[in-house]
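Take a look at the structure set out below.
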Amino acid sequence: MFELAPELKRDCIEVAQWPLSTVLLMNDSQYPWFILVPRIAGLKELIDLSEQDMVQYTKESCRLQRLMLAVFKPDKLNVAALGNMVPQLHIHHIARYTNDPAWPSPVWGKLPAKPYSEKQIELLKSKMLDNSF
């Protein structure tokens with residue numbers, strides 16, 4: 001049975017349920033940072049997905065990227081599957097700007113997280129859900 005990794009539960013806010021994946025928002029208002037987690041138990045690597053699920057996961061990642069480009073208009077998107085700290089398969093999608101506090105370095109561990117306010121969370125959710133891709 002699928003369960004979201006405890007670290008993702010602790011650090012993220014659920015934004016949406018797509019056909020295969022849960023879309024999470026990292027609770028750090030310094031960067032528009034989303035995480036896509038396929039709801040299949042026991043996955044660690046992309047190659048653990050079936051061919052059909054790999055196609056669906058790729059479509060959902062592309063959908064999220066297009067959505068982030070439309071909503072946030074970043075200078076660059078960073079898309080990565082690391083899993084060193086959280087082995088459950090998940091892909092980070094981070095909108096980066098040349099003036100963000102970590103640029104040009106990676107965002108991981110650069111600065112302490114600044115949690116979103118409830119109002120900011122609701123605004124982000126509505127922006128993301130109002131755009132269909």
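To be explicit about the labels: the chains of the structure tokens are called A, B, and onward in the order shown, and within each one the residues are counted from 1, while ligands get numbers from 1 in the order they are shown.
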Test item: residues at most 10 Å from Ala16 of chain A, only C-alpha atoms, excluding those fewer than 4 positions along its chain, as number ranges by chain: A: 21-25, 36, 125, 128-129
Give me the segment 3-84 of chain A side of the contact with segment 109-116 of chain A, cut-off 8 Å, one line per residue showing its nearest atom pair and distance in Å at one decimal, counting only C-alpha atoms, sorted by chain and residue number, as a Markdown table.
```
| residue | atom | partner | partner_atom | distance |
| --- | --- | --- | --- | --- |
| A:Asn27 | CA | A:Pro115 | CA | 5.1 |
| A:Asp28 | CA | A:Ala113 | CA | 4.8 |
| A:Ser29 | CA | A:Tyr116 | CA | 5.3 |
| A:Gln30 | CA | A:Lys114 | CA | 6.5 |
```
Using only C-alpha atoms: which of A:Arg39, A:Arg66, A:Asn78, A:Phe2 has the shortest distance to Asp53 of chain A: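 Checking each candidate against Asp53 of chain A, we get A:Arg39 as the closest.
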All strand (DSSP E) positions in segment 63-120 of chain A, as JSON, numbers by chain: {"A": [76, 77, 78, 79, 80, 91, 92, 93, 94, 95, 96]}
Store the residues picked out above in a file with C-alpha atoms, as a JSON list (two decimals), in the first residue's frame.
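Contents of out09.json, as written:
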```json
[["chain", "number", "residue", "atom", "x", "y", "z"],
["A", 76, "LYS", "CA", 14.95, 28.50, -15.56],
["A", 77, "LEU", "CA", 13.26, 25.33, -14.36],
["A", 78, "ASN", "CA", 15.28, 22.84, -12.33],
["A", 79, "VAL", "CA", 13.89, 19.30, -12.56],
["A", 80, "ALA", "CA", 15.64, 16.58, -10.58],
["A", 91, "ILE", "CA", 10.87, 14.52, -8.80],
["A", 92, "HIS", "CA", 11.57, 18.09, -7.74],
["A", 93, "HIS", "CA", 10.35, 20.89, -10.05],
["A", 94, "ILE", "CA", 11.79, 24.24, -8.99],
["A", 95, "ALA", "CA", 11.21, 27.62, -10.65],
["A", 96, "ARG", "CA", 14.47, 29.56, -10.51]]
```
Those of chain A in DSSP alpha helix (DSSP H), formatted as a PyMOL selection string: chain A and resi 6-11+51-72+118-130
Given only C-alpha atoms as the counted atoms, nearest of A:Trp33, A:Glu122, A:Trp18, A:Glu3 to Phe72 of chain A: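 Closest residue, counting only C-alpha atoms: A:Trp33.
Comparing the minimum interatomic distances between Pro106 of chain A and each of A:Val15, A:Tyr31, A:Leu124, A:Leu20, counting only C-alpha atoms, we find that A:Tyr31 sits nearest.
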For Gln56 of chain A, the nearest of the candidates A:Val107, A:Val37, A:Ala70, A:Ala81, counting only C-alpha atoms: A:Val37
Counting only C-alpha atoms, the residue of A:Asn99, A:Lys127, A:Met85, A:Glu51 that sits nearest Leu8 of chain A: A:Met85
Given only C-alpha atoms as the counted atoms, nearest of A:Pro38, A:Asp100, A:Met68, A:Ser126 to Met54 of chain A: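 Closest to Met54 of chain A, using only C-alpha atoms: A:Pro38.
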